[in-house]
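Asker: For reference, the file start.json (JSON, C-alpha atoms and all ligand atoms) is included below:
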[["chain", "number", "residue", "atom", "x", "y", "z"],
["A", 1, "MET", "CA", 6.45, 20.36, -11.54],
["A", 2, "ASP", "CA", 9.56, 21.94, -9.90],
["A", 3, "LYS", "CA", 10.38, 21.02, -6.34],
["A", 4, "THR", "CA", 13.58, 20.88, -4.28],
["A", 5, "ILE", "CA", 14.24, 17.31, -3.25],
["A", 6, "THR", "CA", 16.13, 16.36, -0.12],
["A", 7, "ASP", "CA", 16.07, 13.16, 1.87],
["A", 8, "ASP", "CA", 14.17, 14.96, 4.64],
["A", 9, "ASN", "CA", 10.41, 15.01, 4.70],
["A", 10, "ILE", "CA", 9.82, 11.78, 2.83],
["A", 11, "THR", "CA", 6.37, 10.37, 3.44],
["A", 12, "LEU", "CA", 5.29, 7.00, 2.14],
["A", 13, "VAL", "CA", 1.59, 6.86, 1.29],
["A", 14, "LYS", "CA", -0.33, 3.73, 0.43],
["A", 15, "LEU", "CA", -3.69, 4.25, -1.26],
["A", 16, "GLY", "CA", -5.68, 1.10, -0.54],
["A", 17, "GLY", "CA", -7.34, -0.98, -3.24],
["A", 18, "ALA", "CA", -10.63, -0.62, -1.36],
["A", 19, "ILE", "CA", -10.75, 3.13, -2.06],
["A", 20, "LEU", "CA", -9.51, 3.01, -5.67],
["A", 21, "THR", "CA", -11.68, 0.17, -6.88],
["A", 22, "ASP", "CA", -15.03, -1.49, -6.41],
["A", 23, "LYS", "CA", -13.96, -4.69, -4.69],
["A", 24, "ARG", "CA", -17.34, -6.36, -5.24],
["A", 25, "SER", "CA", -16.69, -6.85, -8.95],
["A", 26, "THR", "CA", -13.75, -7.43, -11.28],
["A", 27, "CYS", "CA", -11.59, -4.68, -12.81],
["A", 28, "THR", "CA", -13.92, -1.86, -11.81],
["A", 29, "THR", "CA", -12.67, 1.48, -10.50],
["A", 30, "ALA", "CA", -14.32, 3.44, -7.70],
["A", 31, "PRO", "CA", -16.98, 5.99, -8.75],
["A", 32, "ASP", "CA", -15.46, 8.98, -10.60],
["A", 33, "SER", "CA", -16.10, 11.46, -7.79],
["A", 34, "GLN", "CA", -14.30, 9.25, -5.26],
["A", 35, "TRP", "CA", -11.42, 8.54, -7.65],
["A", 36, "THR", "CA", -10.90, 12.22, -8.44],
["A", 37, "GLY", "CA", -11.25, 13.20, -4.77],
["A", 38, "ILE", "CA", -8.50, 10.79, -3.71],
["A", 39, "PHE", "CA", -5.99, 12.12, -6.21],
["A", 40, "GLU", "CA", -6.93, 15.76, -5.66],
["A", 41, "GLN", "CA", -6.18, 15.26, -1.99],
["A", 42, "VAL", "CA", -2.77, 13.76, -2.80],
["A", 43, "ALA", "CA", -2.06, 16.53, -5.34],
["A", 44, "ASN", "CA", -2.91, 19.25, -2.81],
["A", 45, "VAL", "CA", -0.60, 17.72, -0.23],
["A", 46, "TYR", "CA", 2.18, 17.47, -2.80],
["A", 47, "LYS", "CA", 1.76, 21.05, -4.01],
["A", 48, "HIS", "CA", 1.12, 22.85, -0.73],
["A", 49, "HIS", "CA", 3.20, 20.99, 1.83],
["A", 50, "ASN", "CA", 6.90, 20.37, 1.93],
["A", 51, "GLN", "CA", 6.59, 16.61, 1.55],
["A", 52, "ASN", "CA", 8.44, 14.33, -0.81],
["A", 53, "LEU", "CA", 6.03, 11.53, -1.57],
["A", 54, "ILE", "CA", 6.49, 7.95, -2.59],
["A", 55, "LEU", "CA", 3.10, 6.50, -3.47],
["A", 56, "ILE", "CA", 2.09, 2.87, -3.36],
["A", 57, "HIS", "CA", -1.33, 1.67, -4.37],
["A", 58, "GLY", "CA", -3.27, -1.47, -3.66],
["A", 59, "VAL", "CA", -5.05, -3.19, -6.51],
["A", 60, "GLY", "CA", -8.50, -4.20, -5.22],
["A", 61, "SER", "CA", -10.63, -5.67, -7.98],
["A", 62, "PHE", "CA", -7.72, -5.34, -10.47],
["A", 63, "GLY", "CA", -5.63, -8.30, -9.31],
["A", 64, "HIS", "CA", -7.15, -9.94, -6.24],
["A", 65, "PRO", "CA", -9.90, -11.87, -8.09],
["A", 66, "GLN", "CA", -7.41, -13.13, -10.70],
["A", 67, "ALA", "CA", -4.81, -14.05, -8.05],
["A", 68, "LYS", "CA", -7.44, -15.90, -6.04],
["A", 69, "LYS", "CA", -8.76, -17.86, -9.01],
["A", 70, "TYR", "CA", -5.29, -19.16, -9.93],
["A", 71, "SER", "CA", -3.88, -19.43, -6.35],
["A", 72, "VAL", "CA", -1.06, -17.13, -7.43],
["A", 73, "ARG", "CA", 0.00, -16.33, -3.86],
["A", 74, "ASP", "CA", 0.90, -19.95, -3.10],
["A", 75, "GLY", "CA", 2.31, -20.63, -6.57],
["A", 76, "VAL", "CA", 2.98, -24.30, -7.26],
["A", 77, "ALA", "CA", 3.59, -24.87, -3.54],
["A", 78, "HIS", "CA", -0.05, -25.80, -3.05],
["A", 79, "ASP", "CA", -1.72, -26.31, -6.39],
["A", 80, "ALA", "CA", 0.31, -27.81, -9.18],
["A", 81, "THR", "CA", -2.85, -28.40, -11.23],
["A", 82, "LYS", "CA", -3.53, -24.73, -11.89],
["A", 83, "ASP", "CA", -2.16, -22.92, -14.92],
["A", 84, "MET", "CA", 0.22, -20.65, -13.01],
["A", 85, "ARG", "CA", 1.58, -18.96, -16.09],
["A", 86, "LYS", "CA", -1.92, -17.87, -17.08],
["A", 87, "GLY", "CA", -2.59, -16.71, -13.51],
["A", 88, "VAL", "CA", 0.59, -14.61, -13.53],
["A", 89, "CYS", "CA", -0.27, -13.04, -16.90],
["A", 90, "LEU", "CA", -3.88, -12.23, -16.02],
["A", 91, "THR", "CA", -3.03, -10.88, -12.57],
["A", 92, "HIS", "CA", -0.19, -8.69, -13.82],
["A", 93, "ALA", "CA", -2.26, -7.40, -16.76],
["A", 94, "ALA", "CA", -5.10, -6.39, -14.43],
["A", 95, "VAL", "CA", -2.71, -4.67, -12.02],
["A", 96, "LEU", "CA", -1.06, -2.73, -14.85],
["A", 97, "GLU", "CA", -4.45, -1.58, -16.14],
["A", 98, "LEU", "CA", -5.22, 0.08, -12.79],
["A", 99, "HIS", "CA", -1.64, 1.33, -12.41],
["A", 100, "SER", "CA", -1.76, 3.07, -15.76],
["A", 101, "LEU", "CA", -4.98, 4.87, -14.76],
["A", 102, "VAL", "CA", -3.35, 5.98, -11.50],
["A", 103, "ILE", "CA", -0.26, 7.34, -13.25],
["A", 104, "LYS", "CA", -2.30, 9.15, -15.91],
["A", 105, "THR", "CA", -4.56, 10.73, -13.28],
["A", 106, "LEU", "CA", -1.57, 11.99, -11.28],
["A", 107, "ILE", "CA", 0.19, 13.42, -14.34],
["A", 108, "GLY", "CA", -3.12, 15.06, -15.32],
["A", 109, "MET", "CA", -2.95, 16.86, -11.96],
["A", 110, "SER", "CA", 0.63, 18.02, -12.68],
["A", 111, "ILE", "CA", 2.29, 15.50, -10.37],
["A", 112, "PRO", "CA", 5.55, 14.11, -11.85],
["A", 113, "ALA", "CA", 4.47, 10.51, -11.30],
["A", 114, "VAL", "CA", 6.56, 7.65, -12.65],
["A", 115, "SER", "CA", 5.98, 3.95, -12.40],
["A", 116, "VAL", "CA", 8.13, 1.46, -10.49],
["A", 117, "THR", "CA", 6.70, -1.98, -11.20],
["A", 118, "PRO", "CA", 7.61, -4.66, -8.62],
["A", 119, "PHE", "CA", 7.29, -7.51, -11.16],
["A", 120, "ASP", "CA", 10.34, -6.12, -12.99],
["A", 121, "HIS", "CA", 12.54, -5.80, -9.89],
["A", 122, "VAL", "CA", 11.63, -8.40, -7.26],
["A", 123, "VAL", "CA", 12.15, -12.17, -7.15],
["A", 124, "THR", "CA", 11.14, -13.78, -3.86],
["A", 125, "SER", "CA", 12.29, -17.08, -2.31],
["A", 126, "GLY", "CA", 9.54, -19.28, -0.90],
["A", 127, "GLY", "CA", 6.85, -16.63, -0.45],
["A", 128, "ILE", "CA", 6.95, -13.21, 1.20],
["A", 129, "ASP", "CA", 7.54, -14.22, 4.83],
["A", 130, "ALA", "CA", 10.57, -16.36, 3.95],
["A", 131, "THR", "CA", 12.15, -13.71, 1.71],
["A", 132, "THR", "CA", 14.84, -11.36, 3.01],
["A", 133, "SER", "CA", 15.02, -7.63, 2.33],
["A", 134, "THR", "CA", 17.86, -8.18, -0.18],
["A", 135, "SER", "CA", 15.26, -9.28, -2.75],
["A", 136, "PHE", "CA", 13.55, -5.89, -2.56],
["A", 137, "GLU", "CA", 16.68, -3.72, -2.77],
["A", 138, "ARG", "CA", 16.60, -3.10, -6.52],
["A", 139, "MET", "CA", 13.00, -1.94, -6.37],
["A", 140, "CYS", "CA", 13.63, 0.30, -3.36],
["A", 141, "HIS", "CA", 16.81, 1.75, -4.87],
["A", 142, "ARG", "CA", 14.99, 2.60, -8.09],
["A", 143, "ALA", "CA", 12.20, 4.37, -6.19],
["A", 144, "HIS", "CA", 14.69, 6.29, -4.02],
["A", 145, "VAL", "CA", 16.77, 7.46, -6.99],
["A", 146, "LEU", "CA", 13.68, 8.63, -8.87],
["A", 147, "LEU", "CA", 12.53, 10.54, -5.79],
["A", 148, "GLN", "CA", 15.91, 12.26, -5.56],
["A", 149, "GLN", "CA", 15.58, 13.20, -9.24],
["A", 150, "GLY", "CA", 12.35, 15.05, -8.47],
["A", 151, "TYR", "CA", 9.79, 12.43, -9.43],
["A", 152, "VAL", "CA", 6.97, 10.96, -7.41],
["A", 153, "PRO", "CA", 7.63, 7.21, -7.70],
["A", 154, "VAL", "CA", 4.45, 5.14, -7.80],
["A", 155, "LEU", "CA", 4.59, 1.46, -6.83],
["A", 156, "HIS", "CA", 1.80, -1.06, -6.47],
["A", 157, "GLY", "CA", 0.89, -4.48, -5.17],
["A", 158, "ASP", "CA", 1.83, -7.05, -7.81],
["A", 159, "VAL", "CA", 2.46, -10.65, -8.73],
["A", 160, "VAL", "CA", 6.19, -11.45, -8.60],
["A", 161, "MET", "CA", 8.26, -14.46, -9.62],
["A", 162, "ASP", "CA", 9.53, -16.72, -6.83],
["A", 163, "ASP", "CA", 12.57, -18.95, -7.24],
["A", 164, "ILE", "CA", 11.12, -21.76, -5.08],
["A", 165, "GLN", "CA", 7.34, -21.75, -5.60],
["A", 166, "TYR", "CA", 7.32, -20.14, -9.08],
["A", 167, "CYS", "CA", 5.31, -17.02, -8.19],
["A", 168, "THR", "CA", 3.67, -15.19, -5.31],
["A", 169, "ILE", "CA", 1.75, -12.03, -4.44],
["A", 170, "LEU", "CA", 3.55, -8.96, -3.15],
["A", 171, "SER", "CA", 1.17, -6.63, -1.30],
["A", 172, "GLY", "CA", 1.64, -2.88, -1.31],
["A", 173, "ASP", "CA", 1.70, -3.18, 2.50],
["A", 174, "VAL", "CA", 4.93, -5.20, 2.27],
["A", 175, "ILE", "CA", 6.36, -2.68, -0.19],
["A", 176, "MET", "CA", 5.65, 0.07, 2.36],
["A", 177, "ARG", "CA", 7.68, -1.84, 4.97],
["A", 178, "GLU", "CA", 10.59, -2.54, 2.61],
["A", 179, "LEU", "CA", 10.80, 1.08, 1.44],
["A", 180, "SER", "CA", 10.76, 2.36, 5.00],
["A", 181, "LYS", "CA", 13.60, -0.02, 5.88],
["A", 182, "TYR", "CA", 15.64, 0.89, 2.81],
["A", 183, "ILE", "CA", 15.27, 4.65, 3.27],
["A", 184, "PRO", "CA", 16.05, 5.23, 6.97],
["A", 185, "SER", "CA", 15.18, 8.93, 6.78],
["A", 186, "VAL", "CA", 11.51, 8.08, 6.11],
["A", 187, "LYS", "CA", 9.68, 9.42, 9.15],
["A", 188, "ARG", "CA", 6.09, 8.65, 8.35],
["A", 189, "CYS", "CA", 4.16, 5.86, 6.62],
["A", 190, "VAL", "CA", 0.47, 6.47, 5.92],
["A", 191, "PHE", "CA", -2.09, 3.85, 4.95],
["A", 192, "VAL", "CA", -5.10, 5.59, 3.41],
["A", 193, "THR", "CA", -8.16, 3.39, 3.44],
["A", 194, "ASP", "CA", -11.98, 3.31, 3.56],
["A", 195, "VAL", "CA", -12.32, 3.36, 7.37],
["A", 196, "ASP", "CA", -11.00, 5.79, 10.00],
["A", 197, "GLY", "CA", -8.36, 3.37, 11.23],
["A", 198, "VAL", "CA", -8.18, 0.14, 13.17],
["A", 199, "PHE", "CA", -11.22, -0.77, 15.24],
["A", 200, "ASP", "CA", -11.66, -3.28, 18.04],
["A", 201, "LYS", "CA", -14.28, -4.97, 15.81],
["A", 202, "ASP", "CA", -15.11, -4.71, 12.13],
["A", 203, "PRO", "CA", -16.88, -1.30, 11.88],
["A", 204, "LYS", "CA", -18.73, -2.40, 8.73],
["A", 205, "THR", "CA", -20.59, -5.10, 10.62],
["A", 206, "HIS", "CA", -20.49, -3.93, 14.26],
["A", 207, "ALA", "CA", -22.24, -0.64, 15.11],
["A", 208, "ASP", "CA", -20.50, -0.55, 18.51],
["A", 209, "ALA", "CA", -16.98, -0.89, 17.07],
["A", 210, "GLU", "CA", -14.51, 1.52, 18.66],
["A", 211, "LEU", "CA", -11.62, 3.23, 16.91],
["A", 212, "LEU", "CA", -8.23, 2.43, 18.43],
["A", 213, "THR", "CA", -6.46, 5.79, 18.15],
["A", 214, "ASP", "CA", -3.22, 4.41, 19.60],
["A", 215, "LEU", "CA", -2.40, 0.85, 18.67],
["A", 216, "SER", "CA", 0.47, -0.82, 20.45],
["A", 217, "THR", "CA", 2.40, -3.44, 18.50],
["A", 218, "ALA", "CA", 1.55, -5.87, 21.32],
["A", 219, "HIS", "CA", -2.24, -5.41, 20.96],
["A", 220, "GLN", "CA", -4.11, -8.72, 20.60],
["A", 221, "PHE", "CA", -7.21, -8.76, 18.39],
["A", 222, "ASP", "CA", -10.28, -10.88, 18.77],
["A", 223, "GLN", "CA", -9.92, -12.72, 15.43],
["A", 224, "ALA", "CA", -13.58, -13.73, 15.25],
["A", 225, "SER", "CA", -15.00, -10.22, 15.34],
["A", 226, "SER", "CA", -12.31, -8.10, 13.74],
["A", 227, "SER", "CA", -12.33, -9.41, 10.19],
["A", 228, "SER", "CA", -14.98, -9.67, 7.57],
["A", 229, "SER", "CA", -14.72, -9.35, 3.82],
["A", 230, "SER", "CA", -16.75, -11.14, 1.22],
["A", 231, "ALA", "CA", -14.66, -9.63, -1.59],
["A", 232, "ALA", "CA", -11.64, -11.48, -2.97],
["A", 233, "ASP", "CA", -8.61, -10.36, -0.99],
["A", 234, "VAL", "CA", -5.49, -12.48, -1.07],
["A", 235, "THR", "CA", -3.34, -10.23, 1.14],
["A", 236, "GLY", "CA", -5.38, -10.05, 4.34],
["A", 237, "SER", "CA", -7.21, -6.72, 4.15],
["A", 238, "MET", "CA", -6.94, -4.78, 7.48],
["A", 239, "HIS", "CA", -5.13, -7.67, 9.18],
["A", 240, "GLY", "CA", -2.43, -7.50, 6.51],
["A", 241, "LYS", "CA", -2.07, -3.75, 7.00],
["A", 242, "VAL", "CA", -1.75, -4.09, 10.78],
["A", 243, "LYS", "CA", 0.79, -6.90, 10.44],
["A", 244, "TRP", "CA", 3.08, -4.83, 8.21],
["A", 245, "ALA", "CA", 2.46, -1.58, 10.11],
["A", 246, "ARG", "CA", 3.69, -3.35, 13.25],
["A", 247, "ARG", "CA", 6.79, -4.58, 11.46],
["A", 248, "ILE", "CA", 7.61, -1.03, 10.34],
["A", 249, "VAL", "CA", 7.42, 0.17, 13.96],
["A", 250, "GLU", "CA", 9.40, -2.82, 15.26],
["A", 251, "ASP", "CA", 12.14, -2.38, 12.62],
["A", 252, "SER", "CA", 12.94, 1.06, 13.94],
["A", 253, "PRO", "CA", 11.35, 1.66, 17.36],
["A", 254, "GLY", "CA", 10.53, 5.29, 18.10],
["A", 255, "ASN", "CA", 11.75, 6.50, 14.70],
["A", 256, "LYS", "CA", 8.78, 6.21, 12.37],
["A", 257, "GLU", "CA", 5.14, 7.12, 12.67],
["A", 258, "VAL", "CA", 2.74, 4.67, 11.09],
["A", 259, "ILE", "CA", -0.77, 5.98, 10.55],
["A", 260, "ILE", "CA", -3.92, 4.30, 9.25],
["A", 261, "CYS", "CA", -6.67, 6.76, 8.22],
["A", 262, "ARG", "CA", -9.62, 7.32, 5.91],
["A", 263, "GLN", "CA", -9.42, 8.97, 2.48],
["A", 264, "GLY", "CA", -10.98, 12.39, 2.04],
["A", 265, "THR", "CA", -10.77, 13.38, 5.71],
["A", 266, "LYS", "CA", -8.86, 16.15, 7.52],
["A", 267, "ALA", "CA", -7.06, 13.36, 9.32],
["A", 268, "SER", "CA", -5.65, 11.90, 6.10],
["A", 269, "THR", "CA", -4.60, 15.35, 4.83],
["A", 270, "LYS", "CA", -2.72, 15.94, 8.11],
["A", 271, "ALA", "CA", -1.19, 12.49, 8.00],
["A", 272, "MET", "CA", 0.07, 12.81, 4.41],
["A", 273, "SER", "CA", 1.31, 16.37, 4.84],
["A", 274, "GLY", "CA", 3.69, 15.60, 7.71],
["A", 275, "THR", "CA", 1.72, 17.81, 10.14],
["A", 276, "PRO", "CA", 2.20, 16.85, 13.82],
["A", 277, "ILE", "CA", -0.59, 14.55, 14.91],
["A", 278, "SER", "CA", -2.81, 15.39, 17.87],
["A", 279, "SER", "CA", -4.85, 12.91, 19.87],
["A", 280, "SER", "CA", -8.12, 14.46, 18.63],
["A", 281, "GLN", "CA", -7.60, 13.17, 15.07],
["A", 282, "ARG", "CA", -9.79, 10.28, 13.89],
["A", 283, "MET", "CA", -7.05, 7.88, 12.85],
["A", 284, "THR", "CA", -4.94, 5.06, 14.25],
["A", 285, "VAL", "CA", -1.30, 5.68, 15.11],
["A", 286, "VAL", "CA", 0.60, 2.41, 15.46],
["A", 287, "LYS", "CA", 3.25, 2.58, 18.20],
["B", 1, "LIG", "O1", -3.79, -4.78, -2.85],
["B", 1, "LIG", "C1", -2.06, -7.16, -3.88],
["B", 1, "LIG", "O2", -1.63, -5.91, -3.42],
["B", 1, "LIG", "P1", -2.45, -5.13, -2.30],
["B", 1, "LIG", "C2", -1.50, -7.49, -5.26],
["B", 1, "LIG", "O3", -1.62, -3.94, -1.95],
["B", 1, "LIG", "C3", -2.25, -8.50, -6.01],
["B", 1, "LIG", "O4", -2.56, -6.06, -1.11],
["B", 1, "LIG", "C4", -1.81, -8.74, -7.37],
["B", 1, "LIG", "C5", -3.28, -9.18, -5.58]]
Let me see the structure of the file written as structure tokens.

Answerer:
Amino acid sequence: MDKTITDDNITLVKLGGAILTDKRSTCTTAPDSQWTGIFEQVANVYKHHNQNLILIHGVGSFGHPQAKKYSVRDGVAHDATKDMRKGVCLTHAAVLELHSLVIKTLIGMSIPAVSVTPFDHVVTSGGIDATTSTSFERMCHRAHVLLQQGYVPVLHGDVVMDDIQYCTILSGDVIMRELSKYIPSVKRCVFVTDVDGVFDKDPKTHADAELLTDLSTAHQFDQASSSSSSAADVTGSMHGKVKWARRIVEDSPGNKEVIICRQGTKASTKAMSGTPISSSQRMTVVK
């Protein structure tokens, strides 16, 4: 588990909930072969490339269904009749169940993975969009220090307490943005998901959907055709990813590469390993 850690070559990788879990049911992981394949790919990148990784994972069916049922994202702002405390407990418990499996799998592959749980570090003020980066500093600092000590910090989407609306949902996509702001030397942020990148239409329902290999932050989507998900998802699925990917680029124009790619592909290995990206890769680079 020895590795020299410097602040160069830090890559942030978010493993989406759609690849780690079966989003059609509740608290169900992806099939074993897919699960193992995802972490073997990460482990190979960690062991064979000079990258210092901070991992973030989405929660899929371990958190979204519970958060949806109790309207945890809106807290008491919209539904004072729901038992918010129960919603917080059930959502956090489900998230931690998945998180524990992730950590154990990584350690089993000799990756020095340690947990940084947002619930313990972040308190928002009036939901995510109204909250300033100051609220995320403790969490980001903790992850950065652990990285410098030679660990692979692992964060995850979570429920967090909110000092105005009682609670809200913090997506791993937002965590990616906050970490990249807090650690200016981060050069690359990679969203690993179940599609090759961002398409002009939803590729799961439109056979003629085209991959957008370069996505400008100014690109306008056709809302009607670019989203579809029957599964519970309280953080916006691909739209959420694109929103926060754009913010990462806009925070630091020209300084960070933001890539959206599919798990298990050559493209995602290149993206995670810091290899220069060529235009022939099947992925989306947000610019
Ligand atoms: O799956 C959502 O995180 P994400 C967190 O990264 C919860 O969007 C608890 C729904």

Asker: Select, from A:Lys187, A:Arg177, A:His156, A:Arg138, the residue with the minimum atom-to-atom distance to ligand LIG 1 (chain B), counting all atoms listed in the file.

Answerer: A:His156

Asker: What do you get as a ChimeraX atom specification if you pick all residues at most 10 Å from ligand LIG 1 (chain B), counting all atoms listed in the file?

Answerer: /A:14-18,56-68,72-73,88,90-96,119,155-160,168-176,232-238,240-241

Asker: Separation of CA of Val13 in chain A and CA of Gly108 in chain A, in Å?

Answerer: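 Between CA of Val13 in chain A and CA of Gly108 in chain A the gap is 19.1 Å.
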
Asker: Check the smallest atom-to-atom distance from each of A:His144, A:Lys287, A:His121, A:Arg262 to Asp196 in chain A using all atoms listed in the file, then report the winner.

Answerer: A:Arg262

Asker: What is the distance, in Å and to one decimal place, between CA of Pro118 in chain A and CA of Met139 in chain A?

Answerer: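 Between CA of Pro118 in chain A and CA of Met139 in chain A the gap is 6.4 Å.
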
Asker: Between CA of Val198 in chain A and CA of Gln281 in chain A, measure the distance and give it in Å to one decimal.

Answerer: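 Atom-to-atom, CA of Val198 in chain A to CA of Gln281 in chain A, that is 13.2 Å.
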
Asker: In the coordinate frame of the file, compute which residues have an atom within 7 Å of (11.6, -14.0, -7.1) when using only C-alpha atoms, and state them as a tab-separated table (two decimals) with C-alpha atoms, in the coordinates of the input.

Answerer:
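Output file part.tsv is given in full below:
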chain	number	residue	atom	x	y	z
A	122	VAL	CA	11.63	-8.40	-7.26
A	123	VAL	CA	12.15	-12.17	-7.15
A	124	THR	CA	11.14	-13.78	-3.86
A	125	SER	CA	12.29	-17.08	-2.31
A	160	VAL	CA	6.19	-11.45	-8.60
A	161	MET	CA	8.26	-14.46	-9.62
A	162	ASP	CA	9.53	-16.72	-6.83
A	163	ASP	CA	12.57	-18.95	-7.24

Asker: Ranking A:Arg188, A:Arg142, A:His239, A:Lys270 by minimum distance to Val258 in chain A and counting all atoms listed in the file, which one comes first?

Answerer: A:Arg188

Asker: May I ask which of the residues A:Thr131, A:Gln149, A:Gln34, A:Thr205 is the closest one to Gly264 in chain A, counting only C-alpha atoms?

Answerer: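 Checking each candidate against Gly264 in chain A, we get A:Gln34 as the closest.
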
Asker: Considering all atoms listed in the file, can you say which of A:His141, A:Lys69, A:His219, A:His99 comes closest to Leu179 in chain A?

Answerer: A:His141

Asker: Between A:Leu146, A:Tyr166, A:Ala113, A:Asp129, which is the closest to Ser100 in chain A once you count all atoms listed in the file?

Answerer: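 Under the stated criterion, the closest residue is A:Ala113.
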
Asker: Excluding Ala218 in chain A and residues on its chain fewer than 3 positions from it, collect all residues at most 12 Å away from it, counting only C-alpha atoms, and give them as a list in words.

Answerer: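 Final neighbour list, sorted by chain and number: Asp214, Leu215, Phe221, Val242, Lys243, Arg246, Arg247, Val249, Glu250, Val286 and Lys287 of chain A.
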
Asker: Which protein, DNA or RNA residues are at most 12 Å from (5.7, 17.3, 12.4) in the file's coordinates when you count all atoms listed in the file, listed as a list in words?

Answerer: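 Every residue inside that radius is included here: Asp8, Asn9, Ile10, Thr11, His49, Asn50, Gln51, Lys187, Arg188, Lys256, Glu257, Lys270, Ala271, Met272, Ser273, Gly274, Thr275, Pro276, Ile277 and Ser278 of chain A.
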
Asker: Near Gly37 in chain A, within 10 Å and counting all atoms listed in the file, which residues show up once chain neighbours fewer than 5 positions away are dropped, as a list of chain:residue names?

Answerer: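 After dropping sequence-adjacent residues, the list is A:Asp32, A:Val42, A:Ala43, A:Gln263, A:Gly264.
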
Asker: Put the listed atoms of range 11-24 of chain A in a box along x, y and z with 8 Å added on every side and give me the centre and edge lengths in Å to one decimal, as lines of an AutoDock Vina configuration file.

Answerer:
center_x = -5.5
center_y = 2.0
center_z = -1.7
size_x = 39.7
size_y = 32.7
size_z = 26.3

Asker: Keeping all heavy atoms, write range 274-279 of chain A of the structure just shown out as a compact mmCIF listing (two decimals), in the first residue's frame.

Answerer:
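The result, written out as part_2.txt:
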# COMPACT_ATOMS: atom_id res chain seq x y z
N GLY A 274 -5.12 9.71 -15.86
CA GLY A 274 -4.44 10.98 -16.14
C GLY A 274 -3.82 11.03 -17.52
O GLY A 274 -3.14 11.99 -17.87
N THR A 275 -4.04 10.00 -18.34
CA THR A 275 -3.48 9.95 -19.70
C THR A 275 -4.08 11.07 -20.54
O THR A 275 -5.29 11.32 -20.43
CB THR A 275 -3.86 8.59 -20.35
OG1 THR A 275 -3.53 7.57 -19.42
CG2 THR A 275 -3.14 8.36 -21.65
N PRO A 276 -3.25 11.73 -21.40
CA PRO A 276 -3.84 12.76 -22.27
C PRO A 276 -4.98 12.18 -23.10
O PRO A 276 -4.93 11.04 -23.54
CB PRO A 276 -2.67 13.19 -23.16
CG PRO A 276 -1.46 12.84 -22.38
CD PRO A 276 -1.80 11.63 -21.56
N ILE A 277 -5.99 12.97 -23.30
CA ILE A 277 -7.20 12.51 -23.97
C ILE A 277 -7.16 12.89 -25.45
O ILE A 277 -6.87 14.04 -25.79
CB ILE A 277 -8.44 13.19 -23.29
CG1 ILE A 277 -8.53 12.74 -21.82
CG2 ILE A 277 -9.71 12.88 -24.05
CD1 ILE A 277 -8.60 11.25 -21.59
N SER A 278 -7.45 11.91 -26.32
CA SER A 278 -7.50 12.23 -27.75
C SER A 278 -8.96 12.28 -28.19
O SER A 278 -9.84 11.75 -27.50
CB SER A 278 -6.76 11.17 -28.54
OG SER A 278 -7.48 9.96 -28.47
N SER A 279 -9.19 12.90 -29.35
CA SER A 279 -10.57 13.09 -29.78
C SER A 279 -11.24 11.78 -30.21
O SER A 279 -12.45 11.71 -30.36
CB SER A 279 -10.61 14.10 -30.93
OG SER A 279 -9.75 13.63 -31.94
